[in-house]
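As provided, run05.txt (compact mmCIF, C-alpha atoms) reads as follows.
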# COMPACT_ATOMS: atom_id res chain seq x y z
CA MET A 158 -46.58 101.25 117.52
CA ARG A 159 -47.55 102.72 120.88
CA SER A 160 -50.58 101.68 122.89
CA GLU A 161 -52.94 104.45 123.95
CA LEU A 162 -54.14 105.00 127.50
CA PRO A 163 -57.92 104.92 127.95
CA ARG A 164 -59.43 108.39 128.10
CA CYS A 165 -60.76 107.78 131.63
CA ALA A 166 -57.23 106.87 132.77
CA VAL A 167 -55.92 110.20 131.37
CA VAL A 168 -58.63 112.11 133.27
CA VAL A 169 -57.82 110.27 136.49
CA LEU A 170 -54.09 110.85 135.97
CA TRP A 171 -54.65 114.60 135.43
CA ALA A 172 -56.96 114.83 138.47
CA PHE A 173 -54.56 113.17 140.88
CA ALA A 174 -51.57 115.04 139.48
CA ALA A 175 -53.46 118.29 140.02
CA ALA A 176 -54.19 117.26 143.61
CA ALA A 177 -50.48 116.80 144.31
CA MET A 178 -49.28 120.02 142.61
CA PRO A 179 -48.04 122.82 144.87
CA PRO A 180 -50.82 125.41 145.42
CA VAL A 181 -50.62 128.72 143.55
CA HIS A 182 -52.28 131.77 145.13
CA ALA A 183 -53.12 135.11 143.59
CA GLN A 184 -52.41 138.52 145.16
CA ASN A 185 -54.74 141.54 144.95
CA ALA A 186 -54.54 145.13 146.08
CA THR A 187 -55.95 144.59 149.57
CA ALA A 188 -54.59 141.26 150.82
CA SER A 189 -52.02 138.56 150.05
CA VAL A 190 -51.57 134.96 151.13
CA THR A 191 -48.62 134.82 153.51
CA ARG A 192 -49.00 131.27 154.94
CA ASP A 193 -49.62 128.14 152.90
CA VAL A 194 -48.60 124.83 154.51
CA ASN A 195 -48.96 121.62 152.48
CA ARG A 196 -50.31 119.02 154.93
CA GLY A 197 -50.61 116.16 152.42
CA ALA A 198 -53.74 113.99 152.31
CA TRP A 199 -56.69 115.18 154.48
CA ARG A 200 -57.34 113.10 157.63
CA ALA A 201 -60.35 113.37 159.94
CA ASN A 202 -58.35 113.20 163.19
CA VAL A 203 -55.97 116.07 162.33
CA ALA A 204 -56.56 119.66 163.50
CA TYR A 205 -55.91 122.04 160.56
CA LEU A 206 -55.03 125.71 160.77
CA LYS A 207 -56.12 128.52 158.50
CA ASP A 208 -54.31 128.42 155.08
CA ASP A 209 -53.27 124.76 155.50
CA VAL A 210 -53.38 122.99 152.11
CA VAL A 211 -54.54 119.36 151.78
CA ALA A 212 -55.35 116.86 149.04
CA ALA A 213 -58.80 115.22 149.23
CA ARG A 214 -60.81 113.18 146.70
CA GLY A 215 -58.75 114.22 143.66
CA SER A 216 -58.68 117.98 144.43
CA SER A 217 -56.50 120.45 146.35
CA TRP A 218 -58.11 122.49 149.19
CA ARG A 219 -57.07 125.47 151.39
CA ALA A 220 -58.42 125.94 154.93
CA LEU A 221 -60.43 129.17 155.38
CA GLN A 222 -60.32 128.83 159.18
CA ASP A 223 -59.06 126.43 161.86
CA ASN A 224 -61.03 123.17 161.81
CA LYS A 225 -60.96 119.45 162.59
CA GLY A 226 -63.06 116.64 161.10
CA ARG A 227 -64.58 118.94 158.41
CA LEU A 228 -64.40 117.01 155.13
CA PRO A 229 -63.42 119.36 152.24
CA GLY A 230 -66.22 119.77 149.70
CA SER A 231 -68.98 118.19 151.84
CA THR A 232 -72.44 119.66 151.36
CA ASP A 233 -74.10 117.69 154.19
CA PRO A 234 -72.96 119.08 156.53
CA ASN A 235 -71.96 122.08 154.41
CA ASN A 236 -68.26 122.76 154.99
CA ALA A 237 -67.90 125.64 152.55
CA ILE A 238 -66.97 128.04 155.38
CA TYR A 239 -64.02 125.83 156.32
CA TRP A 240 -62.45 124.97 152.94
CA GLU A 241 -62.08 126.42 149.47
CA VAL A 242 -60.99 124.45 146.41
CA GLN A 243 -57.67 125.39 144.80
CA ALA A 244 -57.27 122.80 142.04
CA GLN A 245 -60.46 120.96 141.03
CA GLY A 246 -60.26 117.28 140.12
CA PHE A 247 -62.39 114.16 140.18
CA ASN A 248 -62.47 111.12 142.49
CA PRO A 249 -63.28 107.86 140.58
CA LEU A 250 -64.75 105.23 142.94
CA GLY A 251 -65.84 102.46 140.58
CA ALA A 252 -69.34 100.95 140.62
CA TRP A 253 -72.05 102.76 142.64
CA LYS A 254 -73.02 101.13 145.96
CA ALA A 255 -75.86 101.95 148.32
CA ASN A 256 -73.87 102.08 151.58
CA PRO A 257 -71.03 104.61 150.96
CA THR A 258 -71.50 108.35 151.44
CA TYR A 259 -70.58 110.15 148.21
CA GLN A 260 -69.20 113.69 148.08
CA PRO A 261 -69.28 116.30 145.27
CA ASN A 262 -67.12 115.35 142.23
CA ASP A 263 -67.04 111.66 143.19
CA ILE A 264 -67.33 109.61 139.95
CA VAL A 265 -69.19 106.25 139.87
CA THR A 266 -70.42 103.84 137.20
CA PHE A 267 -74.08 102.75 137.14
CA GLN A 268 -75.90 100.75 134.45
CA GLY A 269 -73.08 101.21 131.93
CA GLN A 270 -72.70 105.00 132.36
CA SER A 271 -70.57 107.33 134.49
CA TRP A 272 -72.11 109.77 136.99
CA ARG A 273 -70.69 112.72 138.97
CA ALA A 274 -72.03 113.54 142.46
CA LYS A 275 -73.14 117.18 142.81
CA LEU A 276 -74.11 116.97 146.49
CA THR A 277 -73.19 114.82 149.48
CA ASN A 278 -75.52 111.81 149.40
CA ARG A 279 -75.96 108.19 150.44
CA GLY A 280 -78.24 105.49 149.04
CA GLN A 281 -79.49 107.67 146.16
CA GLN A 282 -79.19 105.88 142.83
CA PRO A 283 -77.53 107.99 140.11
CA ALA A 284 -80.04 109.79 137.90
CA ALA A 285 -80.27 113.19 136.22
CA ASN A 286 -81.37 115.26 139.22
CA ALA A 287 -80.07 117.74 141.79
CA THR A 288 -77.83 115.08 143.39
CA TRP A 289 -76.20 113.44 140.34
CA ASP A 290 -75.00 114.62 136.93
CA LEU A 291 -74.42 112.35 133.89
CA PHE A 292 -70.64 112.32 133.29
CA SER A 293 -70.27 109.98 130.29
CA ILE A 294 -72.93 108.20 128.20
CA LYS A 295 -72.81 104.47 127.49
CA GLY A 296 -71.80 103.90 123.88
CA ALA A 297 -73.41 101.50 121.47
CA THR A 298 -72.03 97.96 121.27
CA GLY A 299 -69.53 97.69 118.43
CA ASP A 300 -69.25 94.93 115.84
CA THR A 301 -67.36 91.81 116.81
CA GLY A 302 -63.80 92.02 115.54
CA PRO A 303 -61.98 89.23 113.69
CA GLN A 304 -60.24 86.57 115.73
CA GLY A 305 -56.57 87.30 116.31
CA LEU A 306 -53.69 85.12 115.18
CA GLN A 307 -52.51 82.26 117.38
CA GLY A 308 -49.58 83.50 119.45
CA LEU A 309 -46.28 81.67 119.82
CA GLN A 310 -45.77 79.51 122.84
CA GLY A 311 -44.01 81.58 125.45
CA ALA A 312 -40.70 80.70 127.04
CA GLN A 313 -40.54 79.65 130.66
CA GLY A 314 -41.14 82.59 132.99
CA LEU A 315 -38.83 83.95 135.64
CA GLN A 316 -38.49 81.90 138.81
CA GLY A 317 -40.85 83.04 141.55
CA ALA A 318 -39.87 84.00 145.08
CA GLN A 319 -39.06 81.16 147.49
CA GLY A 320 -42.00 80.17 149.68
CA LEU A 321 -41.98 79.93 153.45
CA GLN A 322 -40.40 76.85 154.97
CA GLY A 323 -42.95 74.27 156.06
CA PRO A 324 -42.93 72.45 159.39
CA GLN A 325 -40.53 69.54 159.78
CA GLY A 326 -42.14 66.21 159.09
CA ILE A 327 -41.98 63.09 161.23
CA GLN A 328 -38.77 61.14 160.69
CA GLY A 329 -39.35 58.00 158.72
CA VAL A 330 -37.94 54.53 159.31
CA GLN A 331 -34.40 54.17 158.03
CA GLY A 332 -34.22 52.04 154.92
CA GLN A 333 -31.66 49.39 154.06
CA GLN A 334 -28.33 50.37 152.53
CA GLY A 335 -28.52 50.04 148.77
CA LEU A 336 -25.83 48.62 146.49
CA GLN A 337 -23.44 51.14 144.99
CA GLY A 338 -23.90 51.49 141.27
CA PRO A 339 -21.06 51.69 138.73
CA THR A 340 -19.64 55.08 137.78
CA GLY A 341 -21.01 56.30 134.49
CA ASP A 342 -18.97 57.63 131.57
CA THR A 343 -18.25 61.35 131.44
CA GLY A 344 -20.34 63.01 128.78
CA PRO A 345 -18.89 65.34 126.10
CA THR A 346 -18.63 69.05 126.83
CA GLY A 347 -21.46 70.94 125.18
CA PRO A 348 -20.96 74.05 123.00
CA GLN A 349 -20.80 77.40 124.75
CA GLY A 350 -24.10 79.26 124.56
CA PRO A 351 -24.51 82.93 123.60
CA GLY A 352 -25.21 83.88 127.23
CA ALA A 353 -27.94 86.09 128.62
CA GLN A 354 -27.65 89.60 130.02
CA TYR A 355 -29.63 90.69 133.07
CA TYR A 356 -30.64 94.23 134.05
CA ALA A 357 -32.60 95.37 137.10
CA TYR A 358 -34.06 98.78 138.00
CA ALA A 359 -35.78 99.94 141.16
CA LYS A 360 -36.81 103.43 142.25
CA GLY A 361 -38.74 104.72 145.25
CA THR A 362 -39.57 103.44 148.75
CA ALA A 363 -42.54 103.60 151.12
CA ALA A 364 -40.85 106.59 152.80
CA ASP A 365 -40.91 108.70 149.59
CA PHE A 366 -43.93 110.97 149.07
CA GLN A 367 -43.18 111.45 145.37
CA VAL A 368 -40.88 109.68 142.87
CA SER A 369 -39.95 110.93 139.39
CA ASP A 370 -37.14 109.23 137.47
CA SER A 371 -36.12 108.05 133.99
CA ASN A 372 -33.24 106.09 132.49
CA THR A 373 -31.99 104.49 129.26
CA VAL A 374 -29.72 101.46 128.71
CA ASN A 375 -28.35 99.96 125.46
CA ILE A 376 -28.09 96.15 125.35
CA ASN A 377 -27.21 94.08 122.23
CA GLY A 378 -28.08 96.92 119.85
CA TYR A 379 -31.48 97.70 121.41
CA ARG A 380 -32.25 100.81 123.45
CA HIS A 381 -34.42 100.32 126.57
CA SER A 382 -35.96 103.53 127.95
CA PHE A 383 -38.15 103.75 131.03
CA SER A 384 -39.65 106.39 133.34
CA CYS A 385 -41.31 106.23 136.76
CA PHE A 386 -43.66 108.80 138.31
CA ALA A 387 -45.50 108.05 141.55
CA ILE A 388 -47.22 109.99 144.34
CA GLN A 389 -47.79 108.06 147.56
CA ASN A 390 -51.32 106.55 147.77
CA SER A 391 -52.27 108.56 144.71
CA VAL A 392 -51.14 108.27 141.09
CA GLN A 393 -48.59 105.71 139.90
CA PHE A 394 -47.17 105.61 136.36
CA PHE A 395 -44.43 103.52 134.68
CA ASN A 396 -43.54 103.51 130.99
CA TYR A 397 -41.09 101.18 129.17
CA ASP A 398 -40.05 101.79 125.52
CA LEU A 399 -37.96 99.52 123.25
CA TYR A 400 -36.09 100.84 120.17
CA PHE A 401 -33.61 99.22 117.73
CA GLY A 402 -30.43 101.35 117.80
CA ASP A 403 -30.29 105.14 117.89
CA SER A 404 -31.67 105.45 114.35
CA GLY A 405 -35.00 103.85 115.25
CA ALA A 406 -34.81 101.23 112.49
CA PRO A 407 -37.91 98.97 112.14
CA PHE A 408 -38.07 95.55 113.80
CA ASN A 409 -40.62 92.75 114.38
CA VAL A 410 -42.04 91.66 117.74
CA THR A 411 -43.89 88.45 118.67
CA GLY A 412 -44.78 87.04 122.09
CA PHE A 413 -47.21 87.78 124.89
CA THR A 414 -47.83 89.85 128.03
CA GLN A 415 -49.59 88.99 131.30
CA THR A 416 -50.99 91.80 133.48
CA GLN A 417 -51.84 91.27 137.17
CA THR A 418 -53.47 93.73 139.60
CA ASN A 419 -52.51 93.11 143.25
CA ASP A 420 -50.83 89.85 144.25
CA THR A 421 -54.11 87.89 144.33
CA GLY A 422 -55.65 89.22 141.10
CA ALA A 423 -56.03 87.01 138.03
CA ALA A 424 -53.45 87.64 135.28
CA THR A 425 -54.76 88.94 131.92
CA PHE A 426 -53.04 87.30 128.90
CA ALA A 427 -52.50 89.29 125.68
CA PRO A 428 -50.60 88.15 122.55
CA VAL A 429 -48.18 90.59 120.88
CA THR A 430 -47.56 90.65 117.11
CA LEU A 431 -45.91 93.72 115.50
CA SER A 432 -44.33 94.09 112.05
CA ASN A 433 -41.94 96.87 110.98
CA ALA A 434 -42.39 98.63 114.31
CA THR A 435 -40.09 101.54 115.20
CA SER A 436 -40.84 101.15 118.93
CA TYR A 437 -42.68 98.95 121.42
CA ASP A 438 -43.91 100.15 124.81
CA ILE A 439 -45.56 98.94 127.99
CA THR A 440 -47.40 101.43 130.23
CA LEU A 441 -48.69 100.79 133.77
CA VAL A 442 -51.24 103.14 135.39
CA PRO A 443 -52.73 101.27 138.39
CA SER A 444 -55.55 102.67 140.49
CA PRO A 445 -54.47 104.46 143.70
CA GLY A 446 -53.61 102.07 146.53
CA THR A 447 -53.07 99.04 144.25
CA ARG A 448 -50.09 97.11 142.80
CA GLN A 449 -49.84 96.33 139.10
CA ARG A 450 -47.41 93.95 137.39
CA VAL A 451 -46.75 93.09 133.74
CA TYR A 452 -44.82 89.96 132.75
CA SER A 453 -43.76 89.71 129.10
CA THR A 454 -41.86 87.29 126.89
CA LEU A 455 -40.94 88.70 123.46
CA ILE A 456 -38.93 87.61 120.42
CA VAL A 457 -37.55 90.66 118.56
CA THR A 458 -36.12 90.36 115.03
CA ASP A 459 -34.13 93.21 113.43
CA SER A 460 -33.86 94.02 109.71
CA THR A 461 -30.78 91.77 109.34
CA GLY A 462 -32.60 88.73 110.74
CA GLY A 463 -30.89 88.80 114.14
CA LYS A 464 -33.15 87.56 116.93
CA GLN A 465 -33.20 88.15 120.68
CA GLN A 466 -35.46 86.95 123.46
CA ILE A 467 -36.48 89.63 126.01
CA ILE A 468 -38.14 88.47 129.24
CA SER A 469 -39.30 91.31 131.52
CA ARG A 470 -41.10 91.87 134.79
CA ILE A 471 -42.36 95.40 135.53
CA SER A 472 -44.28 96.48 138.65
CA VAL A 473 -45.68 99.65 140.23
CA ASN A 474 -47.19 99.60 143.72
CA ALA A 475 -49.01 101.78 146.23
CA GLU A 476 -45.88 101.98 148.43
CA ASN A 477 -44.55 104.48 145.88
CA SER A 478 -41.99 102.37 144.03
CA CYS A 479 -41.27 101.23 140.47
CA MET A 480 -39.32 98.08 139.63
CA MET A 481 -38.19 96.42 136.37
CA GLU A 482 -36.14 93.29 135.54
CA LEU A 483 -34.88 92.36 132.05
CA ALA A 484 -33.31 89.08 130.89
CA ILE A 485 -32.01 89.39 127.30
CA THR A 486 -30.70 86.35 125.37
CA PRO A 487 -29.41 86.33 121.74
CA LEU A 488 -30.92 83.47 119.71
CA GLN A 489 -28.91 81.41 117.21
Write out the structure in this file as structure tokens.
Amino acid sequence: MRSELPRCAVVVLWAFAAAAMPPVHAQNATASVTRDVNRGAWRANVAYLKDDVVAARGSSWRALQDNKGRLPGSTDPNNAIYWEVQAQGFNPLGAWKANPTYQPNDIVTFQGQSWRAKLTNRGQQPAANATWDLFSIKGATGDTGPQGLQGLQGAQGLQGAQGLQGPQGIQGVQGQQGLQGPTGDTGPTGPQGPGAQYYAYAKGTAADFQVSDSNTVNINGYRHSFSCFAIQNSVQFFNYDLYFGDSGAPFNVTGFTQTQTNDTGAATFAPVTLSNATSYDITLVPSPGTRQRVYSTLIVTDSTGGKQQIISRISVNAENSCMMELAITPLQ
């Protein structure tokens, strides 16, 4: 059973993907575009030449003439003589605030609804007028759903990174030499455990503008598939899918996931209970410029009763990289 992305996340994903796509120009009988230079994200301190292509606020723009400090799409001042839109998108900015200056096609939330800016403005509360356009209407509050089942207690998580070394403390007074105790008996050798398998994946660095990669590994009869797509300081996407064998036979999943945005954000706990599932997936789509991590501990049971514990850590960050770690242990 696959989880669905929220509709707003799909819109944002399409908008940012459109902004990063190479520009396509038409040719007519009288003129043709002979110079298109992709200059990446628009910056105020860069001097742009005619036909330079930039990405700004979710859309792709082409310079109509040489300019510097002219924000694409601004209506105050009106910069229509300097830029033309090539691929239109939207720029979600979260809750409306009085201080920022909003530009056309900026999307904000206000009093439970989404609004799209039609003109450059500042300090004007969203309302149906010449400046703002209602983008999505607040829905009615649904009925309270039934309480979910109590999840299983999760296994101990992966060990965190080692902290910085603290300053050396003051040396204490040397204590008296203690008496040596007797040597204890050697304990019996314990049975050999099934052993765990570890797999790590990393793709992309801060130097990469765009990353697109996928891979599949088979461990203990289960197929682990994952794909990474990221554009620097824009859209990031990571998907992990779990299948039992190549035939896609059904299996059961119990456990939990914890999702954290940025290193200081609070983790969101969610129990996982699936029966007769043919697949299980985890999808990360963080907002531009942020890091998102998902920690999960799962017990998977195949149709023969065989059980395995899968502990995973998946992360996508604004430095344009995707990372995944798996620790897989057969259970007796």
- request: For stretch 248-261 of chain A, please output as an MDAnalysis selection string all residues within 10 Å (counting only C-alpha atoms; exclusion window: fewer than 6 positions along the same chain).
  value: chainID A and resid 165:166 168:169 172:173 213:216 228:233 267:283 288:289 444:445
Given the selection you just returned, output its residues as a file containing C-alpha atoms, formatted as a PDB file, in the frame of the given file.
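selection-v3.pdb, freshly written:
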ATOM      1  CA  CYS A 165     -60.760 107.780 131.630  1.00  0.00           C
ATOM      2  CA  ALA A 166     -57.230 106.870 132.770  1.00  0.00           C
ATOM      3  CA  VAL A 168     -58.630 112.110 133.270  1.00  0.00           C
ATOM      4  CA  VAL A 169     -57.820 110.270 136.490  1.00  0.00           C
ATOM      5  CA  ALA A 172     -56.960 114.830 138.470  1.00  0.00           C
ATOM      6  CA  PHE A 173     -54.560 113.170 140.880  1.00  0.00           C
ATOM      7  CA  ALA A 213     -58.800 115.220 149.230  1.00  0.00           C
ATOM      8  CA  ARG A 214     -60.810 113.180 146.700  1.00  0.00           C
ATOM      9  CA  GLY A 215     -58.750 114.220 143.660  1.00  0.00           C
ATOM     10  CA  SER A 216     -58.680 117.980 144.430  1.00  0.00           C
ATOM     11  CA  LEU A 228     -64.400 117.010 155.130  1.00  0.00           C
ATOM     12  CA  PRO A 229     -63.420 119.360 152.240  1.00  0.00           C
ATOM     13  CA  GLY A 230     -66.220 119.770 149.700  1.00  0.00           C
ATOM     14  CA  SER A 231     -68.980 118.190 151.840  1.00  0.00           C
ATOM     15  CA  THR A 232     -72.440 119.660 151.360  1.00  0.00           C
ATOM     16  CA  ASP A 233     -74.100 117.690 154.190  1.00  0.00           C
ATOM     17  CA  PHE A 267     -74.080 102.750 137.140  1.00  0.00           C
ATOM     18  CA  GLN A 268     -75.900 100.750 134.450  1.00  0.00           C
ATOM     19  CA  GLY A 269     -73.080 101.210 131.930  1.00  0.00           C
ATOM     20  CA  GLN A 270     -72.700 105.000 132.360  1.00  0.00           C
ATOM     21  CA  SER A 271     -70.570 107.330 134.490  1.00  0.00           C
ATOM     22  CA  TRP A 272     -72.110 109.770 136.990  1.00  0.00           C
ATOM     23  CA  ARG A 273     -70.690 112.720 138.970  1.00  0.00           C
ATOM     24  CA  ALA A 274     -72.030 113.540 142.460  1.00  0.00           C
ATOM     25  CA  LYS A 275     -73.140 117.180 142.810  1.00  0.00           C
ATOM     26  CA  LEU A 276     -74.110 116.970 146.490  1.00  0.00           C
ATOM     27  CA  THR A 277     -73.190 114.820 149.480  1.00  0.00           C
ATOM     28  CA  ASN A 278     -75.520 111.810 149.400  1.00  0.00           C
ATOM     29  CA  ARG A 279     -75.960 108.190 150.440  1.00  0.00           C
ATOM     30  CA  GLY A 280     -78.240 105.490 149.040  1.00  0.00           C
ATOM     31  CA  GLN A 281     -79.490 107.670 146.160  1.00  0.00           C
ATOM     32  CA  GLN A 282     -79.190 105.880 142.830  1.00  0.00           C
ATOM     33  CA  PRO A 283     -77.530 107.990 140.110  1.00  0.00           C
ATOM     34  CA  THR A 288     -77.830 115.080 143.390  1.00  0.00           C
ATOM     35  CA  TRP A 289     -76.200 113.440 140.340  1.00  0.00           C
ATOM     36  CA  SER A 444     -55.550 102.670 140.490  1.00  0.00           C
ATOM     37  CA  PRO A 445     -54.470 104.460 143.700  1.00  0.00           C
TER      38      PRO A 445
END
Sorted by chain and rising residue number, list the residues of stretch 254-311 of chain A at most 12 Å from stretch 418-428 of chain A (counting only C-alpha atoms), each with its closest atom pair and distance in Å to one decimal, as a tab-separated table.
residue	atom	partner	partner_atom	distance
A:Gln304	CA	A:Pro428	CA	11.9
A:Gly305	CA	A:Pro428	CA	8.7
A:Leu306	CA	A:Pro428	CA	8.5
A:Gln307	CA	A:Pro428	CA	8.1
A:Gly308	CA	A:Pro428	CA	5.7
A:Leu309	CA	A:Pro428	CA	8.3
A:Gln310	CA	A:Pro428	CA	9.9
A:Gly311	CA	A:Pro428	CA	9.7
Got time to write the residues from that selection, C-alpha atoms, as a PDB file, in the coordinates of the input?
ATOM      1  CA  GLN A 304     -60.240  86.570 115.730  1.00  0.00           C
ATOM      2  CA  GLY A 305     -56.570  87.300 116.310  1.00  0.00           C
ATOM      3  CA  LEU A 306     -53.690  85.120 115.180  1.00  0.00           C
ATOM      4  CA  GLN A 307     -52.510  82.260 117.380  1.00  0.00           C
ATOM      5  CA  GLY A 308     -49.580  83.500 119.450  1.00  0.00           C
ATOM      6  CA  LEU A 309     -46.280  81.670 119.820  1.00  0.00           C
ATOM      7  CA  GLN A 310     -45.770  79.510 122.840  1.00  0.00           C
ATOM      8  CA  GLY A 311     -44.010  81.580 125.450  1.00  0.00           C
TER       9      GLY A 311
END
field: Distance of atom CA of A:Asn433 from atom CA of A:Phe401, expressed in Å to one decimal place
entry: 11.0 Å
- prompt: Which one of A:Phe413, A:Trp218, A:Tyr379, A:Trp240 sits closest to A:Gly463 if you count all atoms listed in the file?
  reply: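 Residue with the minimum atom-to-atom distance to A:Gly463: A:Tyr379.
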- prompt: Between atom CA of A:His381 and atom CA of A:Gln319, what is the distance, to one decimal in Å?
  reply: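 Atom CA of A:Gln319 lies at a distance of 28.7 Å from atom CA of A:His381.
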- request: Taking (-31.4, 95.7, 113.7) in the file's own coordinates, collect the residues within 9 Å, counting only C-alpha atoms, and hand them back as a ChimeraX atom specification.
  value: /A:378-379,401-402,406-408,458-464
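For the set A:Val242, A:Leu483, A:Ile468, A:Thr435, the residue with the smallest atom-to-atom gap to A:Val374 is A:Leu483, counting all atoms listed in the file.
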Interatomic distance, atom CA of A:Ser472 to atom CA of A:Arg450 (Å, one decimal): 4.2 Å
message: Taking all atoms listed in the file into account, name the residue in A:Ser293, A:Gln331, A:Gln313, A:Ser436 that is nearest to A:Ser382.
response: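 Smallest distance to A:Ser382 is found for A:Ser436.
For the choices A:Leu399, A:Ala484, A:Leu455, A:Ile439, the atom-to-atom distance to A:Gln316 is smallest for A:Ala484 when using all atoms listed in the file.
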Surrounding residues of stretch 199-204 of chain A excluding itself and chain neighbours under 5 positions, 7 Å, all atoms listed in the file, as a ChimeraX atom specification: /A:211-213,224-226
- request: In the coordinates of the file, take the point (-29.0, 86.9, 120.0) and a cut-off of 9 Å; then, counting only C-alpha atoms, name each qualifying protein, DNA or RNA residue as JSON, numbers by chain.
  value: {"A": [351, 352, 353, 377, 463, 464, 465, 466, 485, 486, 487, 488, 489]}
Now that the selection is made, can you save its residues with C-alpha atoms as an mmCIF file, in the coordinates of the input?
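Printed below is out11.cif as written:
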data_model
loop_
_atom_site.group_PDB
_atom_site.id
_atom_site.type_symbol
_atom_site.label_atom_id
_atom_site.label_comp_id
_atom_site.auth_asym_id
_atom_site.auth_seq_id
_atom_site.Cartn_x
_atom_site.Cartn_y
_atom_site.Cartn_z
ATOM 1 C CA PRO A 351 -24.510 82.930 123.600
ATOM 2 C CA GLY A 352 -25.210 83.880 127.230
ATOM 3 C CA ALA A 353 -27.940 86.090 128.620
ATOM 4 C CA ASN A 377 -27.210 94.080 122.230
ATOM 5 C CA GLY A 463 -30.890 88.800 114.140
ATOM 6 C CA LYS A 464 -33.150 87.560 116.930
ATOM 7 C CA GLN A 465 -33.200 88.150 120.680
ATOM 8 C CA GLN A 466 -35.460 86.950 123.460
ATOM 9 C CA ILE A 485 -32.010 89.390 127.300
ATOM 10 C CA THR A 486 -30.700 86.350 125.370
ATOM 11 C CA PRO A 487 -29.410 86.330 121.740
ATOM 12 C CA LEU A 488 -30.920 83.470 119.710
ATOM 13 C CA GLN A 489 -28.910 81.410 117.210
#
query: Between A:Val265, A:Cys479, A:Ala312, A:Ala198, which is the closest to A:Phe292 once you count all atoms listed in the file?
result: A:Val265
